[in-house]
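Worksheet for the structure shown next.
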Amino acid sequence: MATQKAPSLLSATLASGSSLVLLQLFSRIVTFVLNQALVRLVSPQVFGTTSIQFELLLSTILFLSREGVRNALLRASSQKPSNSDTTSPLVTNISLLPVALGIPTAIGSALIYLGSSSSTTSSQPRFQISVLLYVLAAFFELLSEPLYIRTQNELRFHVRVRAEGTAVMLKTIVTFLVLVAAPEDYALVAFALGQTAYGLTMLILFLIACRDNLDLVPKQVAITVKDHTEKRYFDPALFNLSVAMTGQSLVKHFLTEGDKFLVSRLSPLADQGGYAVAANYGSLVARIVFQPIEETARVFFSKTLSSSVPPSPDPKSNHSAKRKEYLQTASTVLTTLLLVFTHLLLLLITFAPPYLPLALSLALPRKYLSTSAPRILAVYVYYIPAMAYNGVLEAFLASAASTSDLRAQARWLLAFSALFVAAAVGLARGAGLGDAGLVWANAGNLALRAAYAWAFARRFFVEREAGEALGLRRVVPPAPVLAAFAAAGLAVRVSARAYEDAPVSIFAQKGHIAVGVVGVLGCLVTW
């Protein structure tokens with residue numbers, strides 16, 4: 001059975017990945033359509049407050065309360081619920097920690113935000129009640145977290161897909177209806193009620209999915225330790241890992257959301273709205289494709305590497321063969337994903353810059369063309385691949401790292417934080433790049449984190465005598481592909497210069513568009 005576990009797990013996680021991609025495609029299309037309507041219904045100030053500041057408050061509460069526990073418990077057994085440790089009270093008790101952590105985190109985050117908000121922000125109609133609704137929405141999500149962890153560990157990915165899909169739809173409907181039906185000064189409340197509907201829907205649907213076993217009261221368990229019995233509430237290894245990952249999440253959250261922290265403090269509300277619109281457009285592909293890949297990769301690596309057996313003194317033993325199989329499967333998945341992301345990087349840097357002005361004139365609302373949105377979207381060409389590399393490499397690190405590895409990573413993350421702040425302020429203020437400078441700094445920060453995670457992955461395989469499984473050559477396209485992208489890049493830039501005086505419209509630049517289509521097809525065929 002053990003030798004079949006990695007392939008069956010790979011099949012399960014691939015099914016999960018495809019489901020999550022479809023979920024993200026559905027939710028992002030719905031959200032995109034909603035945002036296209038919302039940016040025309042509300043002012044940039046309101047959109048900036050909700051999409052930057054309120055979303056930052058929400059993500060802070062959720063990330064700090066649950067991320068460490070969620071990632072640690074992915075390493076619990078994924079066998080059938082009847083004989084797994086996913087239903088062990090020692091594991092279930094740990095899954096309750098996000099609820100306990102969420103109460104002080106939510107109260108503290110809300111008080112800090114309300115106390116530090118500028119008078120321009122806090123003077124908006126119904127600002128305080130909107131903040132309270134976002135806190136309530138976060139707490140609803142945290143109440144569903146123990147059930148989310150249970151279904152993930154039992155590989156019941158369809159539960160999450162159904163819950164999130166329904167929640168996104170209700171959030172969209174509630175937000176839009178309140179905006180249309182209520183007076184203009186209820187704009188902030190409309191977004192807050194939509195988020196509250198999302199959190200409550202998630203809680204209700206997870207309760208329904210797990211209704212056969214809703215006993216979530218913490219229980220003591222008697223276990224034998226060195227010939228004597230002890231009563232414990234938590235599995236020691238998983239609890240220590242949860243603590244380490246939760247402590248690390250504070251720094252990681254600042255690095256992940258650092259641009260929003262800084263833009264909410266350095267930029268006027270109108271530019272925050274432009275930044276939010278640019279982020280929604282720029283991260284559309286990242287959220288639809290890369291977020292599901294990152295999440296399913298974390299599940300797969302956690303289960304595969306936790307099943308990997310320790311080294312055997314006999315390299316020809318069945319024991320050693322199983323270990324090699326697990327490591328080979330993990331390395332193949334990792335290098336395949338990184339190779340795909342390298343092709344994505346080539347596609348973006350080859351074709352996006354020459355066609356971005358035309359795309360922005362068609363997709364971006366006119367009132368946002370004068371904000372920082374166009375400059376920010378130009379930087380997203382490089383930010384999106386950095387996000388992709390970092391996501392999957394940190395998923396591997398989080399799945400394979402020991403507690404001491406996590407402490408070492410935390411120290412490096414602190415150093416990256418200092419570099420990020422210095423670069424962000426220097427580029428935004430000193431170099432005069434404004435909000436685009438924050439995105440450049442964030443892209444550099446993600447690149448550094450990805451490089452650290454790559455070095456960890458290389459060391460991980462070398463220490464297990466599988467260094468050949470992860471090499472740089474396996475993630476770089478062959479020479480013909482690189483040549484095809486180079487030729488296409490030259491052709492579209494020559495075409496862009498020839499059409500630089502033409503009106504920015506599809507009809508006027510149809511020749512330029514044709515060159516791009518031929519170039520993309522040529523690169524894809526060569527790939």
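Ordering of the structure tokens sets the chain letters (A, B, ...), residue numbers begin anew at 1 in every chain, and ligands are numbered from 1 in the order given.
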Spatial neighbours of stretch 251-257 of chain A, max dist 8 Å, only C-alpha atoms, sep filter under 4 positions, as a list in words: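 Skipping anything fewer than 4 positions along the chain leaves Leu56, Thr60, Phe63, Leu64, Gly247, Phe261, Ala410, Leu413, Leu414, Phe416, Ser417, Phe420, Asn442 and Asn445 of chain A.
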Grab the residues selected above and save them as a PDB file, in the first residue's frame with N, CA and C atoms.
```pdb
ATOM      1  N   LEU A  56      -6.917  44.568   3.894  1.00  0.00           N
ATOM      2  CA  LEU A  56      -5.696  44.372   4.682  1.00  0.00           C
ATOM      3  C   LEU A  56      -6.031  44.010   6.120  1.00  0.00           C
ATOM      4  N   THR A  60      -5.083  40.386   7.690  1.00  0.00           N
ATOM      5  CA  THR A  60      -4.226  40.366   8.882  1.00  0.00           C
ATOM      6  C   THR A  60      -4.823  39.462   9.954  1.00  0.00           C
ATOM      7  N   PHE A  63      -4.760  35.694   8.504  1.00  0.00           N
ATOM      8  CA  PHE A  63      -3.433  35.127   8.292  1.00  0.00           C
ATOM      9  C   PHE A  63      -2.737  34.850   9.620  1.00  0.00           C
ATOM     10  N   LEU A  64      -2.763  35.822  10.515  1.00  0.00           N
ATOM     11  CA  LEU A  64      -2.059  35.636  11.784  1.00  0.00           C
ATOM     12  C   LEU A  64      -2.722  34.586  12.665  1.00  0.00           C
ATOM     13  N   GLY A 247       4.404  31.960  14.600  1.00  0.00           N
ATOM     14  CA  GLY A 247       5.341  33.047  14.880  1.00  0.00           C
ATOM     15  C   GLY A 247       5.934  33.624  13.611  1.00  0.00           C
ATOM     16  N   PHE A 261       0.342  47.748   3.202  1.00  0.00           N
ATOM     17  CA  PHE A 261       0.645  48.506   4.413  1.00  0.00           C
ATOM     18  C   PHE A 261       1.171  49.895   4.051  1.00  0.00           C
ATOM     19  N   ALA A 410      12.865  32.333   9.391  1.00  0.00           N
ATOM     20  CA  ALA A 410      12.318  33.535  10.027  1.00  0.00           C
ATOM     21  C   ALA A 410      13.372  34.628  10.141  1.00  0.00           C
ATOM     22  N   LEU A 413      13.747  36.108   6.797  1.00  0.00           N
ATOM     23  CA  LEU A 413      12.579  36.919   6.471  1.00  0.00           C
ATOM     24  C   LEU A 413      12.650  38.293   7.135  1.00  0.00           C
ATOM     25  N   LEU A 414      13.196  38.339   8.347  1.00  0.00           N
ATOM     26  CA  LEU A 414      13.388  39.636   9.012  1.00  0.00           C
ATOM     27  C   LEU A 414      14.346  40.515   8.211  1.00  0.00           C
ATOM     28  N   PHE A 416      14.899  40.260   4.987  1.00  0.00           N
ATOM     29  CA  PHE A 416      14.187  40.653   3.768  1.00  0.00           C
ATOM     30  C   PHE A 416      13.185  41.779   4.049  1.00  0.00           C
ATOM     31  N   SER A 417      12.588  41.769   5.251  1.00  0.00           N
ATOM     32  CA  SER A 417      11.652  42.836   5.619  1.00  0.00           C
ATOM     33  C   SER A 417      12.338  44.186   5.638  1.00  0.00           C
ATOM     34  N   PHE A 420      13.065  45.219   2.166  1.00  0.00           N
ATOM     35  CA  PHE A 420      11.842  45.608   1.470  1.00  0.00           C
ATOM     36  C   PHE A 420      11.427  47.031   1.835  1.00  0.00           C
ATOM     37  N   ASN A 442       8.288  44.946  -3.879  1.00  0.00           N
ATOM     38  CA  ASN A 442       7.645  43.679  -3.531  1.00  0.00           C
ATOM     39  C   ASN A 442       8.117  42.553  -4.457  1.00  0.00           C
ATOM     40  N   ASN A 445      11.447  41.540  -3.274  1.00  0.00           N
ATOM     41  CA  ASN A 445      11.298  40.775  -2.037  1.00  0.00           C
ATOM     42  C   ASN A 445      10.887  39.329  -2.332  1.00  0.00           C
TER      43      ASN A 445
END
```
Backbone DSSP call of alpha helix (DSSP H) for stretch 154-251 of chain A, listed as an mmCIF file with C-alpha atoms, in the first residue's frame:
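Written file, part28.cif:
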```cif
data_model
loop_
_atom_site.group_PDB
_atom_site.id
_atom_site.type_symbol
_atom_site.label_atom_id
_atom_site.label_comp_id
_atom_site.auth_asym_id
_atom_site.auth_seq_id
_atom_site.Cartn_x
_atom_site.Cartn_y
_atom_site.Cartn_z
ATOM 1 C CA PHE A 157 -11.512 19.120 -1.500
ATOM 2 C CA HIS A 158 -14.986 19.351 -3.032
ATOM 3 C CA VAL A 159 -16.318 20.712 0.277
ATOM 4 C CA ARG A 160 -14.134 23.792 0.035
ATOM 5 C CA VAL A 161 -14.880 24.279 -3.669
ATOM 6 C CA ARG A 162 -18.638 24.260 -3.049
ATOM 7 C CA ALA A 163 -18.412 26.460 0.047
ATOM 8 C CA GLU A 164 -16.171 29.119 -1.510
ATOM 9 C CA GLY A 165 -18.060 29.134 -4.807
ATOM 10 C CA THR A 166 -21.378 29.716 -3.048
ATOM 11 C CA ALA A 167 -19.860 32.287 -0.682
ATOM 12 C CA VAL A 168 -18.328 34.299 -3.535
ATOM 13 C CA MET A 169 -21.645 34.380 -5.367
ATOM 14 C CA LEU A 170 -23.557 35.583 -2.286
ATOM 15 C CA LYS A 171 -20.890 38.169 -1.492
ATOM 16 C CA THR A 172 -21.193 39.539 -5.019
ATOM 17 C CA ILE A 173 -24.997 39.667 -4.946
ATOM 18 C CA VAL A 174 -25.210 41.280 -1.494
ATOM 19 C CA THR A 175 -22.586 43.936 -2.285
ATOM 20 C CA PHE A 176 -24.155 44.892 -5.590
ATOM 21 C CA LEU A 177 -27.745 44.968 -4.283
ATOM 22 C CA VAL A 178 -26.874 47.179 -1.300
ATOM 23 C CA LEU A 179 -24.891 49.555 -3.517
ATOM 24 C CA VAL A 180 -27.765 49.869 -5.973
ATOM 25 C CA ALA A 181 -30.643 49.992 -3.469
ATOM 26 C CA ALA A 187 -21.085 52.398 0.026
ATOM 27 C CA LEU A 188 -18.649 51.170 2.695
ATOM 28 C CA VAL A 189 -21.410 49.195 4.417
ATOM 29 C CA ALA A 190 -22.251 47.481 1.113
ATOM 30 C CA PHE A 191 -18.758 45.996 0.869
ATOM 31 C CA ALA A 192 -18.781 45.087 4.566
ATOM 32 C CA LEU A 193 -22.137 43.307 4.339
ATOM 33 C CA GLY A 194 -20.931 41.399 1.282
ATOM 34 C CA GLN A 195 -17.870 40.188 3.185
ATOM 35 C CA THR A 196 -20.013 39.252 6.185
ATOM 36 C CA ALA A 197 -22.282 37.206 3.903
ATOM 37 C CA TYR A 198 -19.156 35.439 2.588
ATOM 38 C CA GLY A 199 -17.885 34.501 6.057
ATOM 39 C CA LEU A 200 -21.288 33.363 7.315
ATOM 40 C CA THR A 201 -21.877 31.251 4.192
ATOM 41 C CA MET A 202 -18.503 29.537 4.633
ATOM 42 C CA LEU A 203 -19.338 28.685 8.246
ATOM 43 C CA ILE A 204 -22.813 27.334 7.470
ATOM 44 C CA LEU A 205 -21.699 25.169 4.542
ATOM 45 C CA PHE A 206 -18.751 23.662 6.441
ATOM 46 C CA LEU A 207 -21.076 22.902 9.355
ATOM 47 C CA ILE A 208 -23.441 21.126 6.966
ATOM 48 C CA ALA A 209 -20.589 19.163 5.339
ATOM 49 C CA PRO A 236 3.752 17.685 20.660
ATOM 50 C CA ALA A 237 5.421 17.634 17.221
ATOM 51 C CA LEU A 238 2.481 19.222 15.399
ATOM 52 C CA PHE A 239 1.920 21.762 18.184
ATOM 53 C CA ASN A 240 5.571 22.896 18.144
ATOM 54 C CA LEU A 241 5.426 23.149 14.363
ATOM 55 C CA SER A 242 2.195 25.185 14.602
ATOM 56 C CA VAL A 243 3.800 27.565 17.092
ATOM 57 C CA ALA A 244 6.875 28.013 14.885
ATOM 58 C CA MET A 245 4.799 28.636 11.759
ATOM 59 C CA THR A 246 2.418 31.004 13.561
ATOM 60 C CA GLY A 247 5.341 33.047 14.880
ATOM 61 C CA GLN A 248 6.819 33.182 11.406
ATOM 62 C CA SER A 249 3.493 34.242 9.878
ATOM 63 C CA LEU A 250 3.781 37.750 11.347
ATOM 64 C CA VAL A 251 6.898 38.515 9.305
#
```
Long-range neighbours of A:Leu490 as a list in words, 10 Å cut-off, only C-alpha atoms, 4 positions minimum in chain: Thr350, Phe351, Phe485, Ala486, Val494, Ser495, Ala496 and Gly519 of chain A
For atom CA of A:Thr296 and atom CA of A:Ile52, the interatomic separation in Å (one decimal):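 Atom CA of A:Thr296 sits 26.8 Å away from atom CA of A:Ile52.
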Nearest to A:Arg265, chosen from A:Ile61, A:Leu346, A:Leu448, A:Val425, with only C-alpha atoms counted in the distances: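 When distances to A:Arg265 are compared using only C-alpha atoms, the smallest one comes from A:Val425.
Distances to A:Leu347 were evaluated for A:Val520, A:Val475, A:Val131, A:Leu57 using only C-alpha atoms, and the minimum falls at A:Val520.
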Test item, strand (DSSP E) assignment across stretch 76-295 of chain A, answer as JSON, numbers by chain: {"A": [221, 222, 223, 224, 225, 228, 229, 230, 231, 232]}
Best match for closeness to A:Ile223 among A:Thr105, A:Leu58, A:Pro480, A:Pro89, counting only C-alpha atoms: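 Of the candidates, the smallest distance to A:Ile223 is held by A:Pro89.
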A:Leu362 surroundings by only C-alpha atoms, 8 Å radius, close-in-sequence under 3 positions cut, as a ChimeraX atom specification: /A:358-359,505
Å distance separating atom CA of A:Ile293 from atom CA of A:Ala408, one decimal place: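 About the pair atom CA of A:Ile293 and atom CA of A:Ala408: they are 25.6 Å apart.
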